[in-house]
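Asker: One structure is given below, represented as structure tokens, and several questions about it will come after.
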Amino acid sequence: MRKLAIILLFTVLLLGCSQSEQPEKLRVGILPIEDSLPIVVADEQGFFEKNGLDVEVIQFSSAVERDAALTAGEVDAVVTDPLAVILLRDKGYDVEIASLCLGKTPKEGVFAILASPNSDIETVEDLNGKEIAVSLNTIIEYALDVMLSEYNINYTKVSIPKIPVRMQALLNGNIEAAVLPEPLASYAVSKGAKLILSDAMLNESITQTVIVFRGDIEKEKVQKFLEAYREAVKEINSNKEKYREKFVEIARVPEDIAESYPIPDYPEPQPLPKEYYDRYLEWAMQKGLIEEEVPYEEATI
């Protein structure tokens with residue numbers, strides 16, 4: 001009897017140890033954009049597992065699908081932008097910015113104002129009185145307004161939400177100007193569109209992406225994720241060409257520009273600067289997109 005009790009105790013202890021050593025599960029939603037590369041590399045290179053996490057990377061085809069999964073609790077974290085976080089928190093969703101993703105410096109900017117190949121638009125001033133295609137109430141409209149805020153011109157926004165449709169309308173001359181994200185902006189230029197202004201050309205960074213977690217996710221788990229992400233960033237930045245094929249696949253870089261399109265210097269995990277956040281907040285309030293102020297301290301970890 002005593003021998004049986006010892007065996008049972010030993011079994012319980014073994015089970016307890018094995019359970020405590022089990023990696024913590026985390027579901028992360030990504031889009032087919034260049035910002036997602038460190039997460040994919042961290043997963044494929046075993047950095048998450050090394051840091052005690054069992055991460056399931058779930059790919060979405062649109063920001064609408066991604067945000068719906070986040071608010072429904074189907075994913076624990078996503079890569080998005082500060083404006084999206086402000087809008088979600090205003091609607092009562094508990095989401096928090098854990099780290100800056102891309103946008104620490106202007107050269108990581110990814111939005112461009114382009115003119116159609118046959119348009120007479122050559123400079124920013126030529127946009128005066130023109131229609132510019134955007135996706136309304138998104139970071140794309142925000143980028144347009146901030147980029148043109150230093151210029152005394154009037155312009156009208158035309159809503160074309162789907163980016164491929166917007167790009168095709170621009171290239172076909174159905175719209176004279178449009179805002180496109182990279183890498184489609186570079187692709188459009190390769191097909192004859194004219195680059196008028198991009199956020200990468202400015203003296204300060206105006207657009208950022210961020211890593212966002214649901215508020216109920218344990219902070220220790222968040223830190224484990226960020227440590228694995230840090231390892232992936234270091235790996236990519238020191239071996240960029242090694243990851244070009246994966247980068248092209250993840251970011252859906254068109255074949256015509258796949259070899260020349262630059263891979264960004266990914267920043268290591270760090271807080272989103274308050275001054276960056278406040279600019280989004282001010283814009284959202286001016287546009288009437290939120291009912292009341294969403295403080296930086298509540299929206300960040």
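Every chain in the structure tokens has a letter given in the order shown (A, B, ...), and although residue numbers restart at 1 in each chain, ligands are simply numbered from 1 in the order shown.
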Write out as CSV a residue-level contact list of stretch 29-83 of chain A versus stretch 281-296 of chain A with cut-off 12 Å: for each qualifying residue the closest pair of atoms and the distance in Å to one decimal, counting only C-alpha atoms, rows sorted by chain and residue number upward.

Answerer:
```
residue,atom,partner,partner_atom,distance
A:Asp81,CA,A:Leu281,CA,11.9
A:Pro82,CA,A:Leu281,CA,8.6
A:Leu83,CA,A:Leu281,CA,7.2
```

Asker: Write out as a PyMOL selection string each polymer residue whose atoms come within 12 Å of A:Met167, counting only C-alpha atoms; drop sequence neighbours fewer than 6 positions from it.

Answerer: chain A and resi 112-117+132-135+160-161+173-189+191-193

Asker: Restrict the selected residues to C-alpha atoms and save them as a short mmCIF file (atom, residue, chain, number, x, y, z; two decimals), in the first residue's frame.

Answerer:
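Result file is selection.cif:
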```
data_model
loop_
_atom_site.label_atom_id
_atom_site.label_comp_id
_atom_site.auth_asym_id
_atom_site.auth_seq_id
_atom_site.Cartn_x
_atom_site.Cartn_y
_atom_site.Cartn_z
CA ALA A 112 2.32 57.69 -50.89
CA ILE A 113 0.21 60.19 -52.81
CA LEU A 114 0.39 59.26 -56.47
CA ALA A 115 -0.89 60.85 -59.68
CA SER A 116 -2.16 58.83 -62.61
CA PRO A 117 0.26 58.37 -65.54
CA ILE A 132 -7.83 62.07 -54.26
CA ALA A 133 -8.93 58.46 -53.74
CA VAL A 134 -8.56 57.05 -50.22
CA SER A 135 -10.17 54.70 -47.73
CA ILE A 160 -12.39 53.66 -52.89
CA PRO A 161 -11.87 51.31 -49.91
CA GLY A 173 -6.81 57.22 -65.28
CA ASN A 174 -10.27 56.86 -63.76
CA ILE A 175 -9.02 58.95 -60.84
CA GLU A 176 -6.28 61.56 -61.07
CA ALA A 177 -4.70 60.94 -57.66
CA ALA A 178 -4.77 58.34 -54.92
CA VAL A 179 -3.07 57.31 -51.69
CA LEU A 180 -1.56 53.81 -51.79
CA PRO A 181 0.45 51.82 -49.26
CA GLU A 182 3.69 50.04 -50.05
CA PRO A 183 4.57 47.87 -51.87
CA LEU A 184 1.70 48.72 -54.24
CA ALA A 185 2.79 52.36 -54.33
CA SER A 186 6.20 51.35 -55.72
CA TYR A 187 4.52 48.94 -58.12
CA ALA A 188 2.20 51.68 -59.39
CA VAL A 189 5.22 53.94 -59.97
CA LYS A 191 3.75 51.12 -64.14
CA GLY A 192 3.84 54.85 -64.83
CA ALA A 193 2.13 56.49 -61.86
#
```

Asker: Counting only C-alpha atoms, which of A:Pro264, A:Ile39, A:Tyr155, A:Arg66 gets nearest to A:Lys240?

Answerer: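 Nearest to A:Lys240: A:Pro264.
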
Asker: For atom CA of A:Val233 and atom CA of A:Ile30, determine how far apart the two atoms are, in Å to one decimal place.

Answerer: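 Atom-to-atom, atom CA of A:Val233 and atom CA of A:Ile30 are spaced 16.1 Å apart.
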
Asker: State, in Å with one decimal place, the distance from atom CA of A:Lys274 to atom CA of A:Thr209.

Answerer: 13.8 Å

Asker: With DSSP run on the backbone, what are the strand (DSSP E or B) residues within stretch 72-275 of chain A? I'd like them as number ranges by chain.

Answerer: A: 77-80, 95-100, 111-115, 130-134, 155-159, 177-181, 194-198, 210-214

Asker: Produce a file of the selected residues containing N, CA and C atoms, as a compact mmCIF listing (two decimals), in the first residue's frame.

Answerer:
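Saved the output as selection_39.txt:
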```
# COMPACT_ATOMS: atom_id res chain seq x y z
N ALA A 77 -3.64 38.81 -30.14
CA ALA A 77 -2.80 39.95 -30.52
C ALA A 77 -2.84 40.14 -32.02
N VAL A 78 -2.57 41.37 -32.46
CA VAL A 78 -2.53 41.68 -33.89
C VAL A 78 -1.51 42.78 -34.13
N VAL A 79 -1.14 42.95 -35.40
CA VAL A 79 -0.39 44.13 -35.82
C VAL A 79 -1.40 45.05 -36.49
N THR A 80 -1.50 46.28 -35.98
CA THR A 80 -2.46 47.23 -36.54
C THR A 80 -1.85 48.63 -36.46
N VAL A 95 -8.32 46.89 -25.69
CA VAL A 95 -7.11 46.54 -26.44
C VAL A 95 -6.01 47.52 -26.06
N GLU A 96 -4.77 47.04 -26.05
CA GLU A 96 -3.65 47.86 -25.58
C GLU A 96 -2.45 47.73 -26.51
N ILE A 97 -1.79 48.85 -26.74
CA ILE A 97 -0.57 48.87 -27.56
C ILE A 97 0.60 48.37 -26.71
N ALA A 98 1.24 47.29 -27.18
CA ALA A 98 2.37 46.73 -26.44
C ALA A 98 3.71 47.25 -26.95
N SER A 99 3.76 47.60 -28.24
CA SER A 99 5.04 48.04 -28.81
C SER A 99 4.83 48.71 -30.16
N LEU A 100 5.75 49.59 -30.48
CA LEU A 100 5.87 50.10 -31.84
C LEU A 100 6.28 48.94 -32.74
N PHE A 111 3.17 55.08 -46.98
CA PHE A 111 2.03 55.65 -47.70
C PHE A 111 2.50 56.72 -48.67
N ALA A 112 1.90 56.74 -49.86
CA ALA A 112 2.32 57.69 -50.89
C ALA A 112 1.11 58.26 -51.61
N ILE A 113 1.20 59.55 -51.94
CA ILE A 113 0.21 60.19 -52.81
C ILE A 113 0.75 60.10 -54.22
N LEU A 114 -0.03 59.49 -55.10
CA LEU A 114 0.39 59.26 -56.47
C LEU A 114 -0.58 59.92 -57.44
N ALA A 115 -0.06 60.32 -58.59
CA ALA A 115 -0.89 60.85 -59.68
C ALA A 115 -0.93 59.82 -60.80
N LYS A 130 -8.19 69.05 -56.74
CA LYS A 130 -8.30 67.71 -57.32
C LYS A 130 -9.01 66.74 -56.38
N GLU A 131 -9.46 65.64 -56.95
CA GLU A 131 -10.02 64.53 -56.17
C GLU A 131 -8.91 63.53 -55.89
N ILE A 132 -8.86 63.04 -54.65
CA ILE A 132 -7.83 62.07 -54.26
C ILE A 132 -8.54 60.86 -53.66
N ALA A 133 -8.27 59.68 -54.19
CA ALA A 133 -8.93 58.46 -53.74
C ALA A 133 -8.26 57.92 -52.48
N VAL A 134 -9.06 57.58 -51.49
CA VAL A 134 -8.56 57.05 -50.22
C VAL A 134 -9.56 56.03 -49.68
N TYR A 155 -8.60 69.96 -51.46
CA TYR A 155 -8.74 68.72 -52.21
C TYR A 155 -9.99 67.99 -51.74
N THR A 156 -10.51 67.16 -52.59
CA THR A 156 -11.71 66.39 -52.28
C THR A 156 -11.36 64.91 -52.20
N LYS A 157 -11.85 64.25 -51.18
CA LYS A 157 -11.57 62.83 -51.00
C LYS A 157 -12.65 61.99 -51.67
N VAL A 158 -12.20 60.99 -52.40
CA VAL A 158 -13.11 60.04 -53.03
C VAL A 158 -12.88 58.69 -52.38
N SER A 159 -13.94 58.05 -51.93
CA SER A 159 -13.81 56.77 -51.22
C SER A 159 -13.73 55.59 -52.18
N ALA A 177 -5.66 61.11 -58.75
CA ALA A 177 -4.70 60.94 -57.66
C ALA A 177 -5.26 59.96 -56.64
N ALA A 178 -4.35 59.32 -55.93
CA ALA A 178 -4.77 58.34 -54.92
C ALA A 178 -3.66 58.16 -53.90
N VAL A 179 -4.04 57.69 -52.72
CA VAL A 179 -3.07 57.31 -51.69
C VAL A 179 -3.00 55.79 -51.67
N LEU A 180 -1.77 55.26 -51.79
CA LEU A 180 -1.56 53.81 -51.79
C LEU A 180 -0.49 53.46 -50.76
N PRO A 181 -0.60 52.30 -50.16
CA PRO A 181 0.45 51.82 -49.26
C PRO A 181 1.50 51.05 -50.06
N LYS A 194 2.84 58.64 -61.02
CA LYS A 194 3.82 59.65 -60.60
C LYS A 194 3.78 59.84 -59.08
N LEU A 195 4.94 59.69 -58.45
CA LEU A 195 5.05 59.90 -57.01
C LEU A 195 5.04 61.40 -56.73
N ILE A 196 4.05 61.84 -55.97
CA ILE A 196 3.93 63.25 -55.63
C ILE A 196 4.51 63.52 -54.24
N LEU A 197 4.15 62.66 -53.28
CA LEU A 197 4.65 62.84 -51.91
C LEU A 197 4.42 61.55 -51.14
N SER A 198 5.39 61.20 -50.29
CA SER A 198 5.21 60.03 -49.42
C SER A 198 5.63 60.38 -48.00
N VAL A 210 1.64 49.12 -34.91
CA VAL A 210 1.90 48.74 -33.52
C VAL A 210 1.45 47.30 -33.28
N ILE A 211 2.05 46.68 -32.27
CA ILE A 211 1.65 45.35 -31.81
C ILE A 211 0.65 45.55 -30.69
N VAL A 212 -0.52 44.96 -30.84
CA VAL A 212 -1.63 45.20 -29.92
C VAL A 212 -2.13 43.89 -29.32
N PHE A 213 -2.39 43.90 -28.01
CA PHE A 213 -2.92 42.74 -27.30
C PHE A 213 -4.27 43.07 -26.70
N ARG A 214 -5.09 42.05 -26.53
CA ARG A 214 -6.30 42.23 -25.73
C ARG A 214 -5.89 42.51 -24.30
```

Asker: With only C-alpha atoms as the basis for distance, which of A:Ser36, A:Asn172, A:Asn51, A:Ser119 is at the shortest distance from A:Glu227?

Answerer: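 Nearest candidate to A:Glu227 out of A:Ser36, A:Asn172, A:Asn51, A:Ser119: A:Asn51.
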
Asker: Let's see if you can do this: from backbone DSSP, list all helix (DSSP H, G or I) residues in stretch 14-226 of chain A, as a ChimeraX atom specification.

Answerer: /A:14-20,34-44,47-50,63-71,82-90,106-108,125-127,139-147,163-171,184-190,199-201,219-226
